[in-house]
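Structure file model_14.csv (CSV, C-alpha atoms and all ligand atoms) is printed below.
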```csv
chain,number,residue,atom,x,y,z
A,1,MET,CA,0.0,0.0,0.0
A,2,ARG,CA,1.4,3.4,-1.0
A,3,ASN,CA,2.0,5.9,1.7
A,4,ILE,CA,-0.2,8.8,0.8
A,5,ASP,CA,-0.9,12.1,2.5
A,6,TYR,CA,-4.7,12.4,2.5
A,7,SER,CA,-4.7,15.5,4.7
A,8,ILE,CA,-6.1,18.1,2.2
A,9,TYR,CA,-8.1,16.2,-0.3
A,10,LEU,CA,-9.5,18.3,-3.1
A,11,VAL,CA,-12.6,17.1,-5.0
A,12,THR,CA,-13.2,19.2,-8.1
A,13,GLY,CA,-16.4,20.9,-9.2
A,14,ARG,CA,-16.1,23.2,-12.2
A,15,ASP,CA,-19.6,24.6,-11.8
A,16,LEU,CA,-18.4,26.3,-8.6
A,17,LEU,CA,-15.4,28.2,-10.1
A,18,PRO,CA,-15.7,32.0,-9.6
A,19,PRO,CA,-16.3,33.9,-12.9
A,20,GLY,CA,-13.1,34.3,-14.9
A,21,LYS,CA,-11.2,31.6,-13.0
A,22,GLY,CA,-9.9,28.8,-15.2
A,23,PHE,CA,-10.2,25.2,-14.0
A,24,LEU,CA,-6.6,24.3,-14.5
A,25,THR,CA,-5.3,27.5,-12.9
A,26,SER,CA,-7.5,27.0,-9.9
A,27,LEU,CA,-6.3,23.4,-9.6
A,28,GLU,CA,-2.6,24.3,-9.8
A,29,GLU,CA,-2.9,27.2,-7.3
A,30,SER,CA,-4.8,24.9,-4.9
A,31,ILE,CA,-1.9,22.4,-5.1
A,32,GLN,CA,0.6,25.1,-4.5
A,33,GLY,CA,-1.4,26.1,-1.4
A,34,GLY,CA,-1.1,22.5,0.0
A,35,VAL,CA,-3.7,20.2,-1.6
A,36,THR,CA,-2.2,16.7,-1.1
A,37,VAL,CA,-4.7,14.6,-3.2
A,38,VAL,CA,-6.9,15.5,-6.2
A,39,GLN,CA,-10.1,13.7,-7.2
A,40,LEU,CA,-11.6,14.8,-10.5
A,41,ARG,CA,-15.4,14.7,-10.0
A,42,GLU,CA,-17.2,16.3,-13.0
A,43,LYS,CA,-20.7,14.9,-13.4
A,44,GLN,CA,-21.7,17.4,-16.1
A,45,LEU,CA,-19.1,16.6,-18.8
A,46,ASP,CA,-19.6,14.1,-21.6
A,47,THR,CA,-17.1,11.2,-21.7
A,48,GLN,CA,-14.6,12.8,-24.2
A,49,GLU,CA,-14.6,16.1,-22.3
A,50,PHE,CA,-14.0,14.2,-19.0
A,51,ILE,CA,-11.1,12.3,-20.6
A,52,ASP,CA,-9.5,15.5,-22.0
A,53,LEU,CA,-9.8,17.2,-18.6
A,54,ALA,CA,-8.5,14.2,-16.8
A,55,ILE,CA,-5.4,14.1,-19.0
A,56,ARG,CA,-4.7,17.8,-18.5
A,57,SER,CA,-5.4,17.6,-14.7
A,58,LYS,CA,-3.1,14.6,-14.3
A,59,ALA,CA,-0.2,16.5,-15.9
A,60,ILE,CA,-0.6,19.2,-13.3
A,61,CYS,CA,-0.8,16.7,-10.4
A,62,ASP,CA,2.3,14.9,-11.8
A,63,LYS,CA,4.3,18.2,-11.8
A,64,TYR,CA,3.7,18.4,-8.0
A,65,ASN,CA,3.8,14.7,-7.3
A,66,VAL,CA,0.2,14.8,-6.1
A,67,PRO,CA,-1.9,11.6,-6.4
A,68,PHE,CA,-4.7,12.0,-9.0
A,69,LEU,CA,-7.9,10.1,-8.7
A,70,ILE,CA,-11.0,9.8,-10.9
A,71,ASN,CA,-14.5,9.8,-9.5
A,72,ASP,CA,-16.7,6.8,-10.7
A,73,ARG,CA,-15.2,6.1,-14.1
A,74,VAL,CA,-12.6,3.4,-14.2
A,75,ASP,CA,-12.3,3.7,-18.0
A,76,VAL,CA,-11.4,7.3,-17.7
A,77,ALA,CA,-8.9,6.5,-14.9
A,78,LEU,CA,-7.2,4.0,-17.2
A,79,ILE,CA,-7.0,6.3,-20.2
A,80,ALA,CA,-5.7,9.2,-18.1
A,81,LYS,CA,-3.3,6.9,-16.2
A,82,ALA,CA,-4.7,8.2,-13.0
A,83,ASP,CA,-3.4,6.9,-9.7
A,84,GLY,CA,-6.8,5.4,-8.8
A,85,VAL,CA,-10.5,5.9,-8.5
A,86,HIS,CA,-13.0,7.0,-5.9
A,87,ILE,CA,-16.1,4.8,-5.9
A,88,GLY,CA,-19.6,5.4,-4.4
A,89,GLN,CA,-21.9,2.8,-3.0
A,90,THR,CA,-23.9,2.6,-6.3
A,91,ASP,CA,-20.9,2.6,-8.7
A,92,MET,CA,-19.0,-0.3,-10.1
A,93,SER,CA,-17.9,-2.6,-7.3
A,94,VAL,CA,-14.5,-2.4,-5.6
A,95,GLU,CA,-13.6,-5.9,-6.9
A,96,GLN,CA,-14.6,-5.1,-10.4
A,97,ALA,CA,-12.7,-1.8,-10.3
A,98,ARG,CA,-9.6,-3.6,-8.9
A,99,SER,CA,-9.8,-6.2,-11.6
A,100,LEU,CA,-9.5,-3.5,-14.3
A,101,LEU,CA,-6.9,-1.2,-12.7
A,102,PRO,CA,-3.2,-1.7,-12.7
A,103,PRO,CA,-1.8,-3.3,-9.5
A,104,GLY,CA,-1.2,-0.7,-6.8
A,105,SER,CA,-3.9,1.6,-7.9
A,106,ILE,CA,-5.6,3.5,-5.2
A,107,ILE,CA,-9.3,2.7,-4.5
A,108,GLY,CA,-11.4,4.8,-2.3
A,109,LEU,CA,-15.0,4.1,-1.2
A,110,SER,CA,-17.7,6.4,0.0
A,111,CYS,CA,-19.1,5.2,3.4
A,112,THR,CA,-22.0,6.5,5.4
A,113,THR,CA,-22.8,3.6,7.7
A,114,VAL,CA,-20.9,1.1,9.9
A,115,ASP,CA,-21.9,-1.7,7.4
A,116,HIS,CA,-20.2,0.3,4.6
A,117,ILE,CA,-17.1,0.5,6.7
A,118,ARG,CA,-17.1,-3.2,7.5
A,119,GLU,CA,-17.4,-3.9,3.8
A,120,ALA,CA,-14.6,-1.5,3.0
A,121,VAL,CA,-12.4,-3.3,5.5
A,122,ARG,CA,-13.3,-6.7,4.0
A,123,LEU,CA,-12.4,-5.3,0.6
A,124,GLN,CA,-9.2,-3.7,1.8
A,125,VAL,CA,-9.8,-0.4,0.1
A,126,ASP,CA,-7.0,2.2,0.5
A,127,TYR,CA,-9.2,4.8,2.0
A,128,VAL,CA,-12.8,5.7,2.8
A,129,GLY,CA,-14.6,9.0,2.4
A,130,ILE,CA,-16.9,9.3,5.4
A,131,GLY,CA,-19.9,11.6,5.5
A,132,PRO,CA,-21.9,13.7,5.1
A,133,VAL,CA,-20.4,15.3,8.1
A,134,TRP,CA,-22.2,18.7,7.7
A,135,GLY,CA,-24.8,20.0,5.3
A,136,THR,CA,-23.7,21.3,1.9
A,137,GLN,CA,-25.0,23.2,-1.1
A,138,THR,CA,-22.5,21.5,-3.4
A,139,LYS,CA,-24.3,18.2,-3.7
A,140,LYS,CA,-27.9,17.1,-3.2
A,141,LEU,CA,-27.4,14.8,-0.3
A,142,THR,CA,-29.2,11.4,-0.5
A,143,ASN,CA,-27.9,10.2,2.8
A,144,PRO,CA,-28.6,11.6,6.2
A,145,ILE,CA,-26.0,13.9,7.7
A,146,ILE,CA,-24.1,11.9,10.2
A,147,GLY,CA,-22.3,14.7,12.0
A,148,VAL,CA,-19.0,14.6,13.8
A,149,ARG,CA,-20.1,11.9,16.2
A,150,GLY,CA,-21.3,9.7,13.3
A,151,VAL,CA,-17.9,10.1,11.7
A,152,GLY,CA,-16.2,9.1,15.0
A,153,ALA,CA,-18.4,6.0,15.2
A,154,LEU,CA,-17.3,4.9,11.7
A,155,LEU,CA,-13.7,5.7,12.4
A,156,ALA,CA,-13.7,3.4,15.4
A,157,GLU,CA,-14.5,0.5,12.9
A,158,LEU,CA,-11.1,1.2,11.3
A,159,ASP,CA,-9.1,0.5,14.4
A,160,GLY,CA,-6.3,-2.0,13.7
A,161,THR,CA,-6.6,-1.6,9.9
A,162,ASP,CA,-4.4,0.4,7.4
A,163,ILE,CA,-7.4,2.0,5.8
A,164,LYS,CA,-7.2,5.8,5.8
A,165,ALA,CA,-10.2,8.0,6.3
A,166,VAL,CA,-11.3,11.5,5.1
A,167,ALA,CA,-14.5,13.2,6.1
A,168,ILE,CA,-16.6,15.0,3.5
A,169,SER,CA,-19.4,17.6,3.1
A,170,GLY,CA,-19.6,21.2,4.3
A,171,ILE,CA,-16.0,21.3,5.7
A,172,LYS,CA,-14.7,24.9,5.8
A,173,SER,CA,-11.8,26.5,7.5
A,174,THR,CA,-14.3,27.9,10.0
A,175,ASN,CA,-15.5,24.4,11.2
A,176,LEU,CA,-12.4,22.4,10.5
A,177,LEU,CA,-11.0,22.2,14.0
A,178,ARG,CA,-14.5,21.3,15.3
A,179,THR,CA,-14.7,18.7,12.6
A,180,LEU,CA,-11.3,17.1,13.4
A,181,HIS,CA,-11.7,17.2,17.2
A,182,GLY,CA,-15.4,16.3,17.2
A,183,SER,CA,-15.0,13.3,14.9
A,184,MET,CA,-12.2,11.7,16.9
A,185,SER,CA,-13.5,8.2,17.7
A,186,PRO,CA,-14.0,7.0,21.3
A,187,THR,CA,-10.9,4.9,20.7
A,188,HIS,CA,-9.0,8.1,19.6
A,189,HIS,CA,-8.9,7.2,16.0
A,190,ALA,CA,-8.5,10.5,14.1
A,191,LEU,CA,-9.2,11.5,10.5
A,192,ASP,CA,-6.3,11.3,8.1
A,193,GLY,CA,-7.7,14.1,6.1
A,194,ILE,CA,-10.6,16.2,4.9
A,195,ALA,CA,-12.2,16.3,1.5
A,196,VAL,CA,-13.5,19.6,0.3
A,197,VAL,CA,-15.0,21.1,-2.9
A,198,SER,CA,-16.4,24.6,-2.5
A,199,GLU,CA,-14.1,25.8,0.2
A,200,ILE,CA,-11.3,25.7,-2.3
A,201,VAL,CA,-12.9,25.6,-5.8
A,202,ALA,CA,-15.3,28.5,-5.2
A,203,SER,CA,-12.5,30.7,-3.9
A,204,THR,CA,-11.0,33.4,-6.0
A,205,ASP,CA,-7.8,32.6,-4.2
A,206,PRO,CA,-7.7,28.8,-4.0
A,207,ARG,CA,-4.0,28.9,-2.9
A,208,SER,CA,-4.8,30.7,0.3
A,209,ALA,CA,-7.9,28.6,0.9
A,210,ALA,CA,-5.8,25.5,0.7
A,211,GLN,CA,-3.1,27.1,2.9
A,212,ARG,CA,-5.7,27.9,5.6
A,213,LEU,CA,-7.0,24.4,5.7
A,214,LYS,CA,-3.5,23.0,5.7
A,215,SER,CA,-2.3,25.1,8.6
A,216,ILE,CA,-5.4,24.2,10.7
A,217,PHE,CA,-4.9,20.6,9.9
A,218,SER,CA,-1.2,20.8,11.0
A,219,GLU,CA,-2.2,22.5,14.2
A,220,PHE,CA,-4.7,19.7,14.9
A,221,ARG,CA,-1.9,17.1,14.2
A,222,ARG,CA,0.4,18.9,16.6
A,223,THR,CA,-2.2,19.0,19.4
A,224,TYR,CA,-4.4,16.0,19.4
A,301,LIG,N1,-20.0,13.8,-1.5
A,301,LIG,C1,-20.7,14.0,-0.4
A,301,LIG,S1,-20.8,15.7,0.0
A,301,LIG,C2,-20.0,16.1,-1.4
A,301,LIG,C3,-19.6,15.0,-2.1
A,301,LIG,C4,-18.9,15.0,-3.4
A,301,LIG,C5,-19.7,17.5,-1.8
A,301,LIG,C6,-19.0,18.3,-0.7
A,301,LIG,O1,-18.8,19.6,-1.1
A,301,LIG,P1,-18.4,20.8,-0.2
A,301,LIG,O2,-18.5,22.0,-1.0
A,301,LIG,O3,-17.0,20.5,0.3
A,301,LIG,O4,-19.4,20.8,0.9
A,302,MG,MG,-20.0,7.9,-7.6
```
Re-express the file's structure as structure tokens.
Ligand code: TZP
Ligand code: MG
Amino acid sequence: MRNIDYSIYLVTGRDLLPPGKGFLTSLEESIQGGVTVVQLREKQLDTQEFIDLAIRSKAICDKYNVPFLINDRVDVALIAKADGVHIGQTDMSVEQARSLLPPGSIIGLSCTTVDHIREAVRLQVDYVGIGPVWGTQTKKLTNPIIGVRGVGALLAELDGTDIKAVAISGIKSTNLLRTLHGSMSPTHHALDGIAVVSEIVASTDPRSAAQRLKSIFSEFRRTY
């Protein structure tokens, strides 16, 4: 298993870019600010556009040695030579994705329940995305908000495993410390990172937005 820094995990969302801000510029600035993993998640694009954007995004991530993941689409991940995929509960199964991807590819799975986590452990995914931790305007949520205590309950299920965990939904610099401390499991299992869309993508200054998140995350790591 590769040793990956999941701390500041950017999920893209072109629709949220401020007027006049280019996607690739925003992506590069966010990496310069401290984003450690990128997931390309673009539901509105047709397949060829998604592939083209994936190839261009991968080139930027490579320049900074940042792992690059594709949401849902294993075919696009293969063509763009992505480092892996992020899969939801209703997407292709983890086993099927793994059978198609090169050995060592990263596979992440969205989890909202303890049963999801147990299945993720059984399947030995690389990381889980846990949430929704807070409400969000970015995605129409189909699962109940589990809150920081819900995240903590799921984290406890990862005790004794190598599986990393990031929380997602509504995470901002203003609630980040509460998110990190509040979601610590009763067994003191902490999040390995936080996944954000709007806090970085919707910013006119994504570099500073990422820097803010990074410095708060570092402060948490020093003190917990
Ligand atoms: N999955 C659950 S919530 C979400 C995704 C992709 C969007 C989170 O976006 P934001 O802007 O960080 O709240
Ligand atoms: Mg999906």
### Site check for ligand MG 302 (chain A): residues at most 10 Å away, all atoms listed in the file, as a PyMOL selection string
chain A and resi 41+43+70-73+85-92+109-110
Could I get the residues of chain A with an atom no further than 6 Å from an atom of ligand LIG 301 (chain A), each paired with its nearest atom pair and that distance in Å to one decimal, using only C-alpha atoms and all ligand atoms, sorted by chain and residue number, as a Markdown table?
```
| residue | atom | partner | partner_atom | distance |
| --- | --- | --- | --- | --- |
| A:Pro132 | CA | A:LIG301 | S1 | 5.6 |
| A:Thr136 | CA | A:LIG301 | O4 | 4.4 |
| A:Thr138 | CA | A:LIG301 | O2 | 4.7 |
| A:Lys139 | CA | A:LIG301 | C5 | 5.0 |
| A:Ile168 | CA | A:LIG301 | S1 | 5.5 |
| A:Ser169 | CA | A:LIG301 | O4 | 3.9 |
| A:Gly170 | CA | A:LIG301 | O4 | 3.4 |
| A:Ile171 | CA | A:LIG301 | O3 | 5.5 |
| A:Val196 | CA | A:LIG301 | O3 | 3.6 |
| A:Val197 | CA | A:LIG301 | O3 | 3.8 |
| A:Ser198 | CA | A:LIG301 | O2 | 3.7 |
| A:Glu199 | CA | A:LIG301 | O2 | 5.9 |
```
#### Entry: Spatial neighbours of Gln44 in chain A, 9 Å, all atoms listed in the file, chain gap at least 6 places, as a VMD selection string
chain A and resid 14 to 15 50
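CA of Pro18 in chain A to CA of Leu45 in chain A spans 18.3 Å [interatomic distance, one decimal].
Taking CA of Val66 in chain A and CA of Ser30 in chain A as endpoints, the distance between them is 11.3 Å.
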### Query
Rounded to one decimal in Å, what is the spacing between CA of Gly147 in chain A and CA of Val125 in chain A?
22.9 Å
### Query
Between A:Leu213, A:Val166, A:Leu100, A:Val74, which one has atoms that come closest to Val133 in chain A, using all atoms listed in the file?
A:Val166
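Candidate residues A:Pro144, A:Pro19, A:Gly152, A:Gly129 were compared for distance to Ala165 in chain A, and the nearest is A:Gly129, using only C-alpha atoms.
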### Query
Which one is closest to Ile51 in chain A: A:Ile4, A:Arg207, A:Ala77, A:Glu119? Count only C-alpha atoms.
A:Ala77
### Non-local contacts of Leu10 in chain A (9 Å; all atoms listed in the file; under 4 positions in same chain excluded) as a PyMOL selection string
chain A and resi 27+30-31+35-40+194-197+200-201+210
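When only C-alpha atoms are used to compute distances to Ala167 in chain A, the closest of the residues A:Cys61, A:Ile8, A:Ser99, A:Leu78 turns out to be A:Ile8.
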### Query
Which one of A:Asn3, A:Thr174, A:Ser183, A:Thr12 sits closest to Glu28 in chain A if you count only C-alpha atoms?
A:Thr12
### Task
Select all residues near (-13.1, 5.4, 6.5) (cut-off 12 Å, inclusive, file coordinates), counting all atoms listed in the file, and output them as a PyMOL selection string.
chain A and resi 6+107-121+124-131+150-159+161-168+183+185+189-194
Next, write the just-selected residues to a file, as an mmCIF file, keeping the file's coordinate frame, keeping C-alpha atoms as the atom set.
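Saved as result_10.cif:
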```
data_model
loop_
_atom_site.group_PDB
_atom_site.id
_atom_site.type_symbol
_atom_site.label_atom_id
_atom_site.label_comp_id
_atom_site.auth_asym_id
_atom_site.auth_seq_id
_atom_site.Cartn_x
_atom_site.Cartn_y
_atom_site.Cartn_z
ATOM 1 C CA TYR A 6 -4.700 12.400 2.500
ATOM 2 C CA ILE A 107 -9.300 2.700 -4.500
ATOM 3 C CA GLY A 108 -11.400 4.800 -2.300
ATOM 4 C CA LEU A 109 -15.000 4.100 -1.200
ATOM 5 C CA SER A 110 -17.700 6.400 0.000
ATOM 6 C CA CYS A 111 -19.100 5.200 3.400
ATOM 7 C CA THR A 112 -22.000 6.500 5.400
ATOM 8 C CA THR A 113 -22.800 3.600 7.700
ATOM 9 C CA VAL A 114 -20.900 1.100 9.900
ATOM 10 C CA ASP A 115 -21.900 -1.700 7.400
ATOM 11 C CA HIS A 116 -20.200 0.300 4.600
ATOM 12 C CA ILE A 117 -17.100 0.500 6.700
ATOM 13 C CA ARG A 118 -17.100 -3.200 7.500
ATOM 14 C CA GLU A 119 -17.400 -3.900 3.800
ATOM 15 C CA ALA A 120 -14.600 -1.500 3.000
ATOM 16 C CA VAL A 121 -12.400 -3.300 5.500
ATOM 17 C CA GLN A 124 -9.200 -3.700 1.800
ATOM 18 C CA VAL A 125 -9.800 -0.400 0.100
ATOM 19 C CA ASP A 126 -7.000 2.200 0.500
ATOM 20 C CA TYR A 127 -9.200 4.800 2.000
ATOM 21 C CA VAL A 128 -12.800 5.700 2.800
ATOM 22 C CA GLY A 129 -14.600 9.000 2.400
ATOM 23 C CA ILE A 130 -16.900 9.300 5.400
ATOM 24 C CA GLY A 131 -19.900 11.600 5.500
ATOM 25 C CA GLY A 150 -21.300 9.700 13.300
ATOM 26 C CA VAL A 151 -17.900 10.100 11.700
ATOM 27 C CA GLY A 152 -16.200 9.100 15.000
ATOM 28 C CA ALA A 153 -18.400 6.000 15.200
ATOM 29 C CA LEU A 154 -17.300 4.900 11.700
ATOM 30 C CA LEU A 155 -13.700 5.700 12.400
ATOM 31 C CA ALA A 156 -13.700 3.400 15.400
ATOM 32 C CA GLU A 157 -14.500 0.500 12.900
ATOM 33 C CA LEU A 158 -11.100 1.200 11.300
ATOM 34 C CA ASP A 159 -9.100 0.500 14.400
ATOM 35 C CA THR A 161 -6.600 -1.600 9.900
ATOM 36 C CA ASP A 162 -4.400 0.400 7.400
ATOM 37 C CA ILE A 163 -7.400 2.000 5.800
ATOM 38 C CA LYS A 164 -7.200 5.800 5.800
ATOM 39 C CA ALA A 165 -10.200 8.000 6.300
ATOM 40 C CA VAL A 166 -11.300 11.500 5.100
ATOM 41 C CA ALA A 167 -14.500 13.200 6.100
ATOM 42 C CA ILE A 168 -16.600 15.000 3.500
ATOM 43 C CA SER A 183 -15.000 13.300 14.900
ATOM 44 C CA SER A 185 -13.500 8.200 17.700
ATOM 45 C CA HIS A 189 -8.900 7.200 16.000
ATOM 46 C CA ALA A 190 -8.500 10.500 14.100
ATOM 47 C CA LEU A 191 -9.200 11.500 10.500
ATOM 48 C CA ASP A 192 -6.300 11.300 8.100
ATOM 49 C CA GLY A 193 -7.700 14.100 6.100
ATOM 50 C CA ILE A 194 -10.600 16.200 4.900
#
```
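With distances restricted to all atoms listed in the file, A:Arg149 is the closest residue to Gly182 in chain A from A:Gly22, A:Arg149, A:Lys81, A:Arg222.
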### Message
Counting all atoms listed in the file, which residues sit no farther than 8 Å from the position (-8.0, 24.3, -16.2) in the file's frame? I'd like them as a ChimeraX atom specification.
### Response
/A:22-27,53,56-57
Starting from the sparse input, extend range 75-102 of chain A to N, CA and C atoms and give the output as a PDB file, keeping the file's coordinate frame.
```pdb
ATOM      1  N   ASP A  75     -12.837   3.542 -16.588  1.00  0.00           N
ATOM      2  CA  ASP A  75     -12.300   3.700 -18.000  1.00  0.00           C
ATOM      3  C   ASP A  75     -11.541   4.961 -18.139  1.00  0.00           C
ATOM      4  N   VAL A  76     -12.066   6.039 -17.583  1.00  0.00           N
ATOM      5  CA  VAL A  76     -11.400   7.300 -17.700  1.00  0.00           C
ATOM      6  C   VAL A  76     -10.055   7.284 -16.897  1.00  0.00           C
ATOM      7  N   ALA A  77     -10.092   6.654 -15.743  1.00  0.00           N
ATOM      8  CA  ALA A  77      -8.900   6.500 -14.900  1.00  0.00           C
ATOM      9  C   ALA A  77      -7.785   5.776 -15.716  1.00  0.00           C
ATOM     10  N   LEU A  78      -8.178   4.740 -16.425  1.00  0.00           N
ATOM     11  CA  LEU A  78      -7.200   4.000 -17.200  1.00  0.00           C
ATOM     12  C   LEU A  78      -6.611   4.804 -18.328  1.00  0.00           C
ATOM     13  N   ILE A  79      -7.471   5.492 -19.048  1.00  0.00           N
ATOM     14  CA  ILE A  79      -7.000   6.300 -20.200  1.00  0.00           C
ATOM     15  C   ILE A  79      -6.091   7.414 -19.744  1.00  0.00           C
ATOM     16  N   ALA A  80      -6.466   8.055 -18.632  1.00  0.00           N
ATOM     17  CA  ALA A  80      -5.700   9.200 -18.100  1.00  0.00           C
ATOM     18  C   ALA A  80      -4.494   8.774 -17.290  1.00  0.00           C
ATOM     19  N   LYS A  81      -4.327   7.461 -17.108  1.00  0.00           N
ATOM     20  CA  LYS A  81      -3.300   6.900 -16.200  1.00  0.00           C
ATOM     21  C   LYS A  81      -3.318   7.566 -14.846  1.00  0.00           C
ATOM     22  N   ALA A  82      -4.529   7.633 -14.343  1.00  0.00           N
ATOM     23  CA  ALA A  82      -4.700   8.200 -13.000  1.00  0.00           C
ATOM     24  C   ALA A  82      -4.140   7.212 -11.973  1.00  0.00           C
ATOM     25  N   ASP A  83      -3.944   7.717 -10.754  1.00  0.00           N
ATOM     26  CA  ASP A  83      -3.400   6.900  -9.700  1.00  0.00           C
ATOM     27  C   ASP A  83      -4.452   5.974  -9.064  1.00  0.00           C
ATOM     28  N   GLY A  84      -5.714   6.253  -9.379  1.00  0.00           N
ATOM     29  CA  GLY A  84      -6.800   5.400  -8.800  1.00  0.00           C
ATOM     30  C   GLY A  84      -8.135   6.012  -9.044  1.00  0.00           C
ATOM     31  N   VAL A  85      -9.096   5.446  -8.319  1.00  0.00           N
ATOM     32  CA  VAL A  85     -10.500   5.900  -8.500  1.00  0.00           C
ATOM     33  C   VAL A  85     -11.137   6.064  -7.107  1.00  0.00           C
ATOM     34  N   HIS A  86     -12.170   6.906  -7.112  1.00  0.00           N
ATOM     35  CA  HIS A  86     -13.000   7.000  -5.900  1.00  0.00           C
ATOM     36  C   HIS A  86     -14.419   6.468  -6.353  1.00  0.00           C
ATOM     37  N   ILE A  87     -14.912   5.516  -5.588  1.00  0.00           N
ATOM     38  CA  ILE A  87     -16.100   4.800  -5.900  1.00  0.00           C
ATOM     39  C   ILE A  87     -17.208   5.066  -4.887  1.00  0.00           C
ATOM     40  N   GLY A  88     -18.438   5.252  -5.358  1.00  0.00           N
ATOM     41  CA  GLY A  88     -19.600   5.400  -4.400  1.00  0.00           C
ATOM     42  C   GLY A  88     -20.255   4.049  -4.254  1.00  0.00           C
ATOM     43  N   GLN A  89     -21.229   4.033  -3.350  1.00  0.00           N
ATOM     44  CA  GLN A  89     -21.900   2.800  -3.000  1.00  0.00           C
ATOM     45  C   GLN A  89     -22.713   2.220  -4.203  1.00  0.00           C
ATOM     46  N   THR A  90     -23.073   3.087  -5.152  1.00  0.00           N
ATOM     47  CA  THR A  90     -23.900   2.600  -6.300  1.00  0.00           C
ATOM     48  C   THR A  90     -23.106   2.556  -7.584  1.00  0.00           C
ATOM     49  N   ASP A  91     -21.788   2.703  -7.490  1.00  0.00           N
ATOM     50  CA  ASP A  91     -20.900   2.600  -8.700  1.00  0.00           C
ATOM     51  C   ASP A  91     -20.477   1.169  -8.913  1.00  0.00           C
ATOM     52  N   MET A  92     -19.589   1.004  -9.859  1.00  0.00           N
ATOM     53  CA  MET A  92     -19.000  -0.300 -10.100  1.00  0.00           C
ATOM     54  C   MET A  92     -18.395  -0.825  -8.751  1.00  0.00           C
ATOM     55  N   SER A  93     -18.424  -2.133  -8.554  1.00  0.00           N
ATOM     56  CA  SER A  93     -17.900  -2.600  -7.300  1.00  0.00           C
ATOM     57  C   SER A  93     -16.432  -2.485  -7.139  1.00  0.00           C
ATOM     58  N   VAL A  94     -15.969  -2.491  -5.913  1.00  0.00           N
ATOM     59  CA  VAL A  94     -14.500  -2.400  -5.600  1.00  0.00           C
ATOM     60  C   VAL A  94     -13.783  -3.543  -6.326  1.00  0.00           C
ATOM     61  N   GLU A  95     -14.320  -4.744  -6.233  1.00  0.00           N
ATOM     62  CA  GLU A  95     -13.600  -5.900  -6.900  1.00  0.00           C
ATOM     63  C   GLU A  95     -13.534  -5.719  -8.370  1.00  0.00           C
ATOM     64  N   GLN A  96     -14.606  -5.248  -8.983  1.00  0.00           N
ATOM     65  CA  GLN A  96     -14.600  -5.100 -10.400  1.00  0.00           C
ATOM     66  C   GLN A  96     -13.578  -3.957 -10.815  1.00  0.00           C
ATOM     67  N   ALA A  97     -13.596  -2.867 -10.064  1.00  0.00           N
ATOM     68  CA  ALA A  97     -12.700  -1.800 -10.300  1.00  0.00           C
ATOM     69  C   ALA A  97     -11.218  -2.296 -10.211  1.00  0.00           C
ATOM     70  N   ARG A  98     -10.987  -3.038  -9.148  1.00  0.00           N
ATOM     71  CA  ARG A  98      -9.600  -3.600  -8.900  1.00  0.00           C
ATOM     72  C   ARG A  98      -9.192  -4.502 -10.006  1.00  0.00           C
ATOM     73  N   SER A  99     -10.132  -5.265 -10.546  1.00  0.00           N
ATOM     74  CA  SER A  99      -9.800  -6.200 -11.600  1.00  0.00           C
ATOM     75  C   SER A  99      -9.366  -5.509 -12.887  1.00  0.00           C
ATOM     76  N   LEU A 100      -9.814  -4.285 -13.055  1.00  0.00           N
ATOM     77  CA  LEU A 100      -9.500  -3.500 -14.300  1.00  0.00           C
ATOM     78  C   LEU A 100      -8.259  -2.667 -14.149  1.00  0.00           C
ATOM     79  N   LEU A 101      -8.017  -2.160 -12.942  1.00  0.00           N
ATOM     80  CA  LEU A 101      -6.900  -1.200 -12.700  1.00  0.00           C
ATOM     81  C   LEU A 101      -5.585  -1.856 -12.591  1.00  0.00           C
ATOM     82  N   PRO A 102      -4.502  -1.122 -12.907  1.00  0.00           N
ATOM     83  CA  PRO A 102      -3.200  -1.700 -12.700  1.00  0.00           C
ATOM     84  C   PRO A 102      -2.944  -1.987 -11.202  1.00  0.00           C
TER      85      PRO A 102
END
```
